[in-house]
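Structure file run_2.cif (mmCIF, N, CA and C atoms) is printed below.
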data_data
#
loop_
_atom_site.label_atom_id
_atom_site.label_comp_id
_atom_site.auth_asym_id
_atom_site.auth_seq_id
_atom_site.Cartn_x
_atom_site.Cartn_y
_atom_site.Cartn_z
N VAL A 21 119.79 179.74 138.71
CA VAL A 21 120.39 181.03 138.44
C VAL A 21 120.28 181.33 136.94
N GLN A 22 119.97 182.58 136.61
CA GLN A 22 119.92 183.01 135.21
C GLN A 22 121.14 183.87 134.91
N LEU A 23 121.69 183.67 133.72
CA LEU A 23 122.93 184.33 133.35
C LEU A 23 122.73 185.21 132.12
N GLN A 24 123.34 186.37 132.13
CA GLN A 24 123.25 187.31 131.01
C GLN A 24 124.65 187.75 130.64
N ALA A 25 125.11 187.30 129.49
CA ALA A 25 126.45 187.68 129.03
C ALA A 25 126.38 188.92 128.16
N SER A 26 127.42 189.73 128.23
CA SER A 26 127.49 190.95 127.43
C SER A 26 128.94 191.34 127.21
N GLY A 27 129.16 192.31 126.34
CA GLY A 27 130.49 192.85 126.14
C GLY A 27 131.17 192.45 124.85
N GLY A 28 130.55 191.58 124.07
CA GLY A 28 131.15 191.18 122.81
C GLY A 28 131.13 192.31 121.80
N GLY A 29 131.79 192.08 120.67
CA GLY A 29 131.82 193.09 119.64
C GLY A 29 132.77 192.73 118.52
N LEU A 30 132.92 193.67 117.60
CA LEU A 30 133.84 193.51 116.47
C LEU A 30 135.06 194.37 116.73
N VAL A 31 136.23 193.74 116.78
CA VAL A 31 137.46 194.47 117.06
C VAL A 31 138.56 193.99 116.11
N GLN A 32 139.63 194.76 116.05
CA GLN A 32 140.79 194.37 115.26
C GLN A 32 141.73 193.51 116.09
N ALA A 33 142.50 192.72 115.40
CA ALA A 33 143.51 191.89 116.08
C ALA A 33 144.41 192.78 116.93
N GLY A 34 144.72 192.30 118.13
CA GLY A 34 145.55 193.05 119.05
C GLY A 34 144.76 193.88 120.04
N SER A 35 143.46 193.99 119.80
CA SER A 35 142.61 194.80 120.68
C SER A 35 142.20 194.01 121.93
N SER A 36 141.43 194.68 122.76
CA SER A 36 140.95 194.09 124.01
C SER A 36 139.44 194.21 124.10
N LEU A 37 138.85 193.28 124.79
CA LEU A 37 137.44 193.32 125.15
C LEU A 37 137.29 192.77 126.56
N ARG A 38 136.26 193.21 127.25
CA ARG A 38 135.93 192.62 128.54
C ARG A 38 134.50 192.11 128.48
N LEU A 39 134.36 190.83 128.64
CA LEU A 39 133.03 190.22 128.71
C LEU A 39 132.56 190.21 130.15
N SER A 40 131.27 190.39 130.31
CA SER A 40 130.65 190.31 131.63
C SER A 40 129.54 189.28 131.60
N CYS A 41 129.32 188.66 132.72
CA CYS A 41 128.22 187.71 132.87
C CYS A 41 127.56 187.99 134.21
N ALA A 42 126.37 188.54 134.13
CA ALA A 42 125.62 188.89 135.33
C ALA A 42 124.66 187.77 135.70
N ALA A 43 124.68 187.40 136.96
CA ALA A 43 123.81 186.33 137.45
C ALA A 43 122.67 186.92 138.25
N SER A 44 121.50 186.38 138.03
CA SER A 44 120.33 186.84 138.78
C SER A 44 120.18 186.02 140.05
N GLY A 45 119.41 186.54 140.96
CA GLY A 45 119.12 185.78 142.17
C GLY A 45 120.20 185.93 143.22
N ARG A 46 119.96 185.22 144.31
CA ARG A 46 120.90 185.28 145.41
C ARG A 46 121.87 184.11 145.35
N SER A 47 122.75 184.08 146.28
CA SER A 47 123.66 182.94 146.46
C SER A 47 124.62 182.75 145.30
N PHE A 48 125.06 183.85 144.70
CA PHE A 48 126.03 183.76 143.61
C PHE A 48 127.30 183.06 144.07
N THR A 49 127.63 183.21 145.32
CA THR A 49 128.87 182.61 145.84
C THR A 49 128.81 181.10 145.92
N ARG A 50 127.63 180.52 145.67
CA ARG A 50 127.53 179.06 145.61
C ARG A 50 128.11 178.51 144.31
N TYR A 51 128.21 179.37 143.29
CA TYR A 51 128.45 178.90 141.94
C TYR A 51 129.88 179.09 141.46
N ALA A 52 130.44 177.99 140.97
CA ALA A 52 131.64 178.08 140.15
C ALA A 52 131.20 178.51 138.75
N MET A 53 132.02 179.30 138.10
CA MET A 53 131.65 179.90 136.83
C MET A 53 132.65 179.53 135.74
N GLY A 54 132.17 179.51 134.52
CA GLY A 54 133.05 179.20 133.41
C GLY A 54 132.70 180.00 132.17
N TRP A 55 133.68 180.16 131.31
CA TRP A 55 133.48 180.75 129.99
C TRP A 55 133.85 179.70 128.94
N PHE A 56 132.98 179.57 127.97
CA PHE A 56 133.20 178.68 126.84
C PHE A 56 132.99 179.47 125.56
N ARG A 57 133.45 178.93 124.45
CA ARG A 57 133.21 179.59 123.17
C ARG A 57 132.94 178.55 122.09
N GLN A 58 132.23 179.01 121.08
CA GLN A 58 131.89 178.13 119.98
C GLN A 58 131.99 178.89 118.67
N ALA A 59 132.89 178.45 117.84
CA ALA A 59 133.06 179.03 116.51
C ALA A 59 132.17 178.26 115.52
N PRO A 60 131.82 178.87 114.40
CA PRO A 60 130.97 178.20 113.42
C PRO A 60 131.56 176.86 112.98
N GLY A 61 130.75 175.83 113.03
CA GLY A 61 131.18 174.51 112.59
C GLY A 61 132.05 173.76 113.57
N LYS A 62 132.24 174.34 114.74
CA LYS A 62 133.09 173.69 115.74
C LYS A 62 132.31 173.42 117.01
N GLU A 63 132.85 172.52 117.83
CA GLU A 63 132.22 172.22 119.10
C GLU A 63 132.51 173.33 120.11
N ARG A 64 131.66 173.39 121.10
CA ARG A 64 131.88 174.35 122.18
C ARG A 64 133.13 173.94 122.95
N GLU A 65 134.00 174.92 123.21
CA GLU A 65 135.25 174.61 123.88
C GLU A 65 135.44 175.46 125.13
N PHE A 66 136.16 174.90 126.06
CA PHE A 66 136.47 175.57 127.31
C PHE A 66 137.43 176.71 127.08
N VAL A 67 137.19 177.84 127.75
CA VAL A 67 138.09 178.99 127.70
C VAL A 67 138.71 179.23 129.07
N SER A 68 137.86 179.39 130.09
CA SER A 68 138.37 179.72 131.41
C SER A 68 137.31 179.39 132.45
N ALA A 69 137.78 179.19 133.68
CA ALA A 69 136.87 178.88 134.78
C ALA A 69 137.39 179.49 136.06
N ILE A 70 136.47 179.72 136.99
CA ILE A 70 136.84 180.28 138.28
C ILE A 70 135.98 179.63 139.35
N SER A 71 136.59 179.36 140.48
CA SER A 71 135.87 178.73 141.58
C SER A 71 134.89 179.73 142.22
N ARG A 72 134.06 179.23 143.09
CA ARG A 72 133.02 180.09 143.67
C ARG A 72 133.60 181.21 144.52
N THR A 73 134.78 181.01 145.08
CA THR A 73 135.42 182.06 145.88
C THR A 73 136.40 182.90 145.06
N GLY A 74 136.73 182.43 143.87
CA GLY A 74 137.75 183.10 143.08
C GLY A 74 139.16 182.61 143.35
N ALA A 75 139.29 181.69 144.29
CA ALA A 75 140.62 181.22 144.67
C ALA A 75 141.22 180.29 143.64
N GLY A 76 140.40 179.66 142.84
CA GLY A 76 140.89 178.74 141.81
C GLY A 76 140.50 179.22 140.43
N THR A 77 141.46 179.22 139.50
CA THR A 77 141.17 179.61 138.12
C THR A 77 141.86 178.66 137.16
N SER A 78 141.35 178.61 135.95
CA SER A 78 141.95 177.75 134.93
C SER A 78 141.73 178.38 133.56
N TYR A 79 142.67 178.12 132.66
CA TYR A 79 142.59 178.65 131.30
C TYR A 79 142.99 177.58 130.30
N THR A 80 142.37 177.63 129.14
CA THR A 80 142.87 176.78 128.08
C THR A 80 144.20 177.35 127.58
N ASP A 81 145.05 176.50 127.07
CA ASP A 81 146.41 176.93 126.73
C ASP A 81 146.44 178.10 125.75
N SER A 82 145.52 178.12 124.82
CA SER A 82 145.58 179.14 123.77
C SER A 82 145.29 180.55 124.26
N VAL A 83 144.76 180.70 125.48
CA VAL A 83 144.46 182.04 125.98
C VAL A 83 145.30 182.42 127.18
N LYS A 84 146.11 181.51 127.66
CA LYS A 84 146.95 181.81 128.83
C LYS A 84 147.86 183.00 128.53
N GLY A 85 147.91 183.91 129.49
CA GLY A 85 148.72 185.10 129.31
C GLY A 85 148.01 186.23 128.58
N ARG A 86 146.86 185.94 127.98
CA ARG A 86 146.10 186.97 127.26
C ARG A 86 144.76 187.25 127.92
N PHE A 87 144.11 186.22 128.45
CA PHE A 87 142.79 186.37 129.07
C PHE A 87 142.91 186.26 130.58
N THR A 88 142.04 186.98 131.28
CA THR A 88 141.98 186.90 132.74
C THR A 88 140.53 186.80 133.17
N ILE A 89 140.24 185.79 133.96
CA ILE A 89 138.90 185.64 134.52
C ILE A 89 138.89 186.20 135.94
N SER A 90 137.80 186.82 136.30
CA SER A 90 137.65 187.34 137.66
C SER A 90 136.16 187.37 137.99
N ARG A 91 135.87 187.58 139.25
CA ARG A 91 134.48 187.68 139.67
C ARG A 91 134.35 188.70 140.77
N ASP A 92 133.21 189.35 140.79
CA ASP A 92 132.85 190.30 141.84
C ASP A 92 131.58 189.75 142.48
N ASN A 93 131.74 189.08 143.58
CA ASN A 93 130.59 188.42 144.20
C ASN A 93 129.58 189.43 144.75
N ALA A 94 130.02 190.64 145.04
CA ALA A 94 129.09 191.66 145.51
C ALA A 94 128.17 192.13 144.38
N LYS A 95 128.65 191.99 143.13
CA LYS A 95 127.87 192.41 141.97
C LYS A 95 127.27 191.23 141.21
N ASN A 96 127.47 190.02 141.73
CA ASN A 96 126.95 188.82 141.07
C ASN A 96 127.42 188.73 139.61
N THR A 97 128.67 189.05 139.38
CA THR A 97 129.17 189.14 138.02
C THR A 97 130.53 188.47 137.89
N VAL A 98 130.71 187.78 136.78
CA VAL A 98 132.02 187.23 136.43
C VAL A 98 132.47 187.91 135.14
N TYR A 99 133.76 188.15 135.04
CA TYR A 99 134.33 188.87 133.90
C TYR A 99 135.35 188.01 133.17
N LEU A 100 135.53 188.32 131.91
CA LEU A 100 136.62 187.74 131.13
C LEU A 100 137.30 188.88 130.39
N GLN A 101 138.45 189.28 130.89
CA GLN A 101 139.25 190.32 130.23
C GLN A 101 140.07 189.65 129.14
N MET A 102 139.89 190.10 127.91
CA MET A 102 140.56 189.48 126.78
C MET A 102 141.47 190.51 126.12
N ASN A 103 142.75 190.28 126.19
CA ASN A 103 143.75 191.17 125.59
C ASN A 103 144.43 190.48 124.42
N SER A 104 145.08 191.28 123.61
CA SER A 104 145.83 190.75 122.45
C SER A 104 144.99 189.77 121.64
N LEU A 105 143.79 190.17 121.33
CA LEU A 105 142.87 189.28 120.63
C LEU A 105 143.39 188.90 119.25
N LYS A 106 143.08 187.68 118.88
CA LYS A 106 143.50 187.12 117.60
C LYS A 106 142.27 186.72 116.79
N PRO A 107 142.39 186.65 115.47
CA PRO A 107 141.24 186.21 114.66
C PRO A 107 140.70 184.85 115.10
N GLU A 108 141.56 183.98 115.58
CA GLU A 108 141.11 182.65 116.01
C GLU A 108 140.32 182.68 117.32
N ASP A 109 140.24 183.84 117.96
CA ASP A 109 139.38 183.99 119.14
C ASP A 109 137.93 184.27 118.75
N THR A 110 137.68 184.46 117.47
CA THR A 110 136.33 184.74 117.00
C THR A 110 135.40 183.57 117.31
N ALA A 111 134.32 183.87 118.00
CA ALA A 111 133.36 182.84 118.42
C ALA A 111 132.22 183.50 119.18
N VAL A 112 131.21 182.72 119.44
CA VAL A 112 130.20 183.12 120.42
C VAL A 112 130.69 182.64 121.78
N TYR A 113 130.73 183.55 122.72
CA TYR A 113 131.21 183.25 124.06
C TYR A 113 130.02 183.07 125.00
N TYR A 114 130.07 181.99 125.76
CA TYR A 114 129.01 181.66 126.70
C TYR A 114 129.56 181.60 128.11
N CYS A 115 128.78 182.10 129.06
CA CYS A 115 129.12 181.87 130.45
C CYS A 115 128.23 180.77 131.01
N ALA A 116 128.73 180.11 132.02
CA ALA A 116 128.03 178.98 132.61
C ALA A 116 128.27 178.96 134.12
N ALA A 117 127.34 178.34 134.82
CA ALA A 117 127.42 178.28 136.27
C ALA A 117 127.10 176.88 136.76
N ARG A 118 127.77 176.50 137.83
CA ARG A 118 127.46 175.23 138.47
C ARG A 118 127.50 175.43 139.98
N ASN A 119 126.47 174.97 140.64
CA ASN A 119 126.42 175.04 142.09
C ASN A 119 127.49 174.13 142.68
N SER A 120 128.43 174.70 143.39
CA SER A 120 129.52 173.91 143.95
C SER A 120 129.66 174.17 145.44
N ILE A 121 128.56 174.49 146.09
CA ILE A 121 128.60 174.80 147.52
C ILE A 121 129.08 173.62 148.34
N ALA A 122 128.90 172.41 147.82
CA ALA A 122 129.31 171.21 148.57
C ALA A 122 130.81 170.99 148.53
N TYR A 123 131.54 171.79 147.77
CA TYR A 123 132.95 171.58 147.57
C TYR A 123 133.76 172.76 148.09
N THR A 124 135.07 172.58 148.14
CA THR A 124 135.92 173.66 148.65
C THR A 124 135.87 174.85 147.70
N GLY A 125 136.35 175.95 148.19
CA GLY A 125 136.28 177.18 147.41
C GLY A 125 137.26 177.27 146.27
N THR A 126 138.04 176.24 146.05
CA THR A 126 139.02 176.26 144.97
C THR A 126 138.61 175.42 143.77
N VAL A 127 137.47 174.77 143.85
CA VAL A 127 137.06 173.85 142.79
C VAL A 127 136.49 174.62 141.61
N TYR A 128 136.93 174.24 140.41
CA TYR A 128 136.37 174.79 139.18
C TYR A 128 136.17 173.64 138.19
N TYR A 129 135.48 173.93 137.11
CA TYR A 129 135.09 172.89 136.15
C TYR A 129 135.44 173.34 134.74
N THR A 130 135.87 172.37 133.92
CA THR A 130 136.40 172.74 132.61
C THR A 130 135.70 172.08 131.43
N THR A 131 134.66 171.31 131.66
CA THR A 131 133.95 170.70 130.54
C THR A 131 132.50 171.16 130.52
N PRO A 132 131.91 171.30 129.34
CA PRO A 132 130.53 171.81 129.26
C PRO A 132 129.55 170.98 130.07
N THR A 133 129.73 169.68 130.13
CA THR A 133 128.77 168.83 130.83
C THR A 133 128.83 169.01 132.34
N ASP A 134 129.85 169.69 132.83
CA ASP A 134 129.93 169.99 134.27
C ASP A 134 128.92 171.05 134.69
N TYR A 135 128.43 171.82 133.72
CA TYR A 135 127.60 172.98 134.03
C TYR A 135 126.13 172.73 133.70
N ASP A 136 125.26 173.28 134.50
CA ASP A 136 123.83 173.11 134.24
C ASP A 136 123.08 174.43 134.08
N ASN A 137 123.81 175.53 134.08
CA ASN A 137 123.19 176.83 133.84
C ASN A 137 124.02 177.57 132.80
N TRP A 138 123.38 178.07 131.76
CA TRP A 138 124.07 178.72 130.66
C TRP A 138 123.43 180.05 130.32
N GLY A 139 124.28 181.01 129.94
CA GLY A 139 123.80 182.27 129.42
C GLY A 139 123.54 182.16 127.93
N GLN A 140 123.12 183.27 127.32
CA GLN A 140 122.68 183.23 125.93
C GLN A 140 123.81 183.42 124.91
N GLY A 141 124.98 183.80 125.35
CA GLY A 141 126.11 183.98 124.45
C GLY A 141 126.26 185.40 123.96
N THR A 142 127.49 185.79 123.71
CA THR A 142 127.80 187.09 123.15
C THR A 142 128.85 186.90 122.07
N GLN A 143 128.64 187.54 120.93
CA GLN A 143 129.52 187.34 119.77
C GLN A 143 130.78 188.18 119.90
N VAL A 144 131.91 187.53 119.69
CA VAL A 144 133.20 188.22 119.60
C VAL A 144 133.77 187.95 118.21
N THR A 145 134.04 189.01 117.48
CA THR A 145 134.62 188.90 116.15
C THR A 145 135.91 189.71 116.10
N VAL A 146 136.99 189.04 115.73
CA VAL A 146 138.29 189.69 115.67
C VAL A 146 138.75 189.68 114.22
N SER A 147 138.94 190.85 113.66
CA SER A 147 139.37 190.96 112.27
C SER A 147 140.89 191.06 112.20
N SER A 148 141.43 190.55 111.11
CA SER A 148 142.89 190.57 110.96
C SER A 148 143.36 191.85 110.30
#

Rendering of file as structure tokens:
Amino acid sequence: VQLQASGGGLVQAGSSLRLSCAASGRSFTRYAMGWFRQAPGKEREFVSAISRTGAGTSYTDSVKGRFTISRDNAKNTVYLQMNSLKPEDTAVYYCAARNSIAYTGTVYYTTPTDYDNWGQGTQVTVSS
């Protein structure tokens, strides 16, 4: 599967952005999806994940209550709605996919090594 992330930009603190990740090909429902981010000089970190059915979701503590992950399997797209953005959210955001058809519809993954398909990243910059 090929992934194309979009929706990043430069915003002020307190603003909102919605990232999208469009997947090519068929069988999008086979894939659990994740969002990660990487700030300059830092390692790539987990942000959020969603199971292939959408029944299971997970968030890193720093974004709980502010970010919402969702997916539209009819559009082969996963979203990350980001509200109340903070300067520390500034990073390149990547979406990732892992084939999880062998597992229940609630399984999601939270570490980069769990994923074998990555998008190209979209820059999010939050000014104070």

Polymer residues at most 6.5 Å from range 40-56 of chain A, only N, CA and C atoms, same-chain spacing of 5 or more positions, as a PyMOL selection string = chain A and resi 21-28+64-73+93+95-100+112-121+127-129

At what distance in Å, to one decimal, does atom C of Thr130 in chain A lie from atom N of Asn103 in chain A?
-> 20.2 Å

Across A:Ala33, A:Thr77, A:Lys62, A:Thr142, the smallest distance to Lys106 in chain A, with all atoms listed in the file counted, is shown by A:Ala33

If you count only C-alpha atoms, which residues fall within 10 Å of Val144 in chain A, apart from same-chain ones fewer than 6 positions away, as a list in words?
-> Gly27, Gly28, Gly29, Leu30, Val31, Leu37, Leu39, Arg57, Ala59, Leu105, Pro107, Asp109, Thr110, Ala111, Val112 and Tyr113 of chain A

Between A:Gly76, A:Phe87, A:Asp92, A:Ser104, which has the minimum distance to Thr124 in chain A (counting only C-alpha atoms)?
->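 Nearest to Thr124 in chain A: A:Gly76.
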
Residue with smallest distance to Gln32 in chain A - pool A:Pro132, A:Pro60, A:Tyr79, A:Glu108, counting only C-alpha atoms |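 Closest to Gln32 in chain A of all the choices is A:Glu108.
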
Separation of atom N of Ala75 in chain A from atom C of Ser36 in chain A in Å |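 Rounded to one decimal, the two atoms are 23.8 Å apart.
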
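Rounded to one decimal, atom N of Met102 in chain A and CA of Ser78 in chain A lie 14.4 Å from each other.
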
Looking only at strand (DSSP E) from DSSP on the backbone, list the matching residues of chain A as a count of residues only.
-> 61

Hey, could you pull the box centre and edge lengths for range 36-52 of chain A, axis-aligned, 6 Å padding per side, all listed atoms, to one decimal in Å, as lines of an AutoDock Vina configuration file?
center_x = 130.3
center_y = 186.3
center_z = 134.6
size_x = 34.3
size_y = 28.7
size_z = 35.7

Is it possible to add N, CA, C and O atoms to range 73-91 of chain A and hand it back as an mmCIF file, in the frame of the given file?
data_model
loop_
_atom_site.group_PDB
_atom_site.id
_atom_site.type_symbol
_atom_site.label_atom_id
_atom_site.label_comp_id
_atom_site.auth_asym_id
_atom_site.auth_seq_id
_atom_site.Cartn_x
_atom_site.Cartn_y
_atom_site.Cartn_z
ATOM 1 N N THR A 73 134.780 181.010 145.080
ATOM 2 C CA THR A 73 135.420 182.060 145.880
ATOM 3 C C THR A 73 136.400 182.900 145.060
ATOM 4 O O THR A 73 136.864 183.933 145.533
ATOM 5 N N GLY A 74 136.730 182.430 143.870
ATOM 6 C CA GLY A 74 137.750 183.100 143.080
ATOM 7 C C GLY A 74 139.160 182.610 143.350
ATOM 8 O O GLY A 74 140.098 183.048 142.688
ATOM 9 N N ALA A 75 139.290 181.690 144.290
ATOM 10 C CA ALA A 75 140.620 181.220 144.670
ATOM 11 C C ALA A 75 141.220 180.290 143.640
ATOM 12 O O ALA A 75 142.449 180.140 143.576
ATOM 13 N N GLY A 76 140.400 179.660 142.840
ATOM 14 C CA GLY A 76 140.890 178.740 141.810
ATOM 15 C C GLY A 76 140.500 179.220 140.430
ATOM 16 O O GLY A 76 139.348 179.599 140.206
ATOM 17 N N THR A 77 141.460 179.220 139.500
ATOM 18 C CA THR A 77 141.170 179.610 138.120
ATOM 19 C C THR A 77 141.860 178.660 137.160
ATOM 20 O O THR A 77 142.855 178.000 137.517
ATOM 21 N N SER A 78 141.350 178.610 135.950
ATOM 22 C CA SER A 78 141.950 177.750 134.930
ATOM 23 C C SER A 78 141.730 178.380 133.560
ATOM 24 O O SER A 78 140.728 179.079 133.348
ATOM 25 N N TYR A 79 142.670 178.120 132.660
ATOM 26 C CA TYR A 79 142.590 178.650 131.300
ATOM 27 C C TYR A 79 142.990 177.580 130.300
ATOM 28 O O TYR A 79 143.891 176.769 130.567
ATOM 29 N N THR A 80 142.370 177.630 129.140
ATOM 30 C CA THR A 80 142.870 176.780 128.080
ATOM 31 C C THR A 80 144.200 177.350 127.580
ATOM 32 O O THR A 80 144.445 178.571 127.704
ATOM 33 N N ASP A 81 145.050 176.500 127.070
ATOM 34 C CA ASP A 81 146.410 176.930 126.730
ATOM 35 C C ASP A 81 146.440 178.100 125.750
ATOM 36 O O ASP A 81 147.307 178.974 125.850
ATOM 37 N N SER A 82 145.520 178.120 124.820
ATOM 38 C CA SER A 82 145.580 179.140 123.770
ATOM 39 C C SER A 82 145.290 180.550 124.260
ATOM 40 O O SER A 82 145.565 181.517 123.538
ATOM 41 N N VAL A 83 144.760 180.700 125.480
ATOM 42 C CA VAL A 83 144.460 182.040 125.980
ATOM 43 C C VAL A 83 145.300 182.420 127.180
ATOM 44 O O VAL A 83 145.197 183.548 127.679
ATOM 45 N N LYS A 84 146.110 181.510 127.660
ATOM 46 C CA LYS A 84 146.950 181.810 128.830
ATOM 47 C C LYS A 84 147.860 183.000 128.530
ATOM 48 O O LYS A 84 148.488 183.070 127.481
ATOM 49 N N GLY A 85 147.910 183.910 129.490
ATOM 50 C CA GLY A 85 148.720 185.100 129.310
ATOM 51 C C GLY A 85 148.010 186.230 128.580
ATOM 52 O O GLY A 85 148.509 187.355 128.559
ATOM 53 N N ARG A 86 146.860 185.940 127.980
ATOM 54 C CA ARG A 86 146.100 186.970 127.260
ATOM 55 C C ARG A 86 144.760 187.250 127.920
ATOM 56 O O ARG A 86 144.301 188.388 127.909
ATOM 57 N N PHE A 87 144.110 186.220 128.450
ATOM 58 C CA PHE A 87 142.790 186.370 129.070
ATOM 59 C C PHE A 87 142.910 186.260 130.580
ATOM 60 O O PHE A 87 143.757 185.512 131.108
ATOM 61 N N THR A 88 142.040 186.980 131.280
ATOM 62 C CA THR A 88 141.980 186.900 132.740
ATOM 63 C C THR A 88 140.530 186.800 133.170
ATOM 64 O O THR A 88 139.703 187.640 132.791
ATOM 65 N N ILE A 89 140.240 185.790 133.960
ATOM 66 C CA ILE A 89 138.900 185.640 134.520
ATOM 67 C C ILE A 89 138.890 186.200 135.940
ATOM 68 O O ILE A 89 139.874 186.066 136.680
ATOM 69 N N SER A 90 137.800 186.820 136.300
ATOM 70 C CA SER A 90 137.650 187.340 137.660
ATOM 71 C C SER A 90 136.160 187.370 137.990
ATOM 72 O O SER A 90 135.319 187.212 137.115
ATOM 73 N N ARG A 91 135.870 187.580 139.250
ATOM 74 C CA ARG A 91 134.480 187.680 139.670
ATOM 75 C C ARG A 91 134.350 188.700 140.770
ATOM 76 O O ARG A 91 135.276 188.896 141.573
#
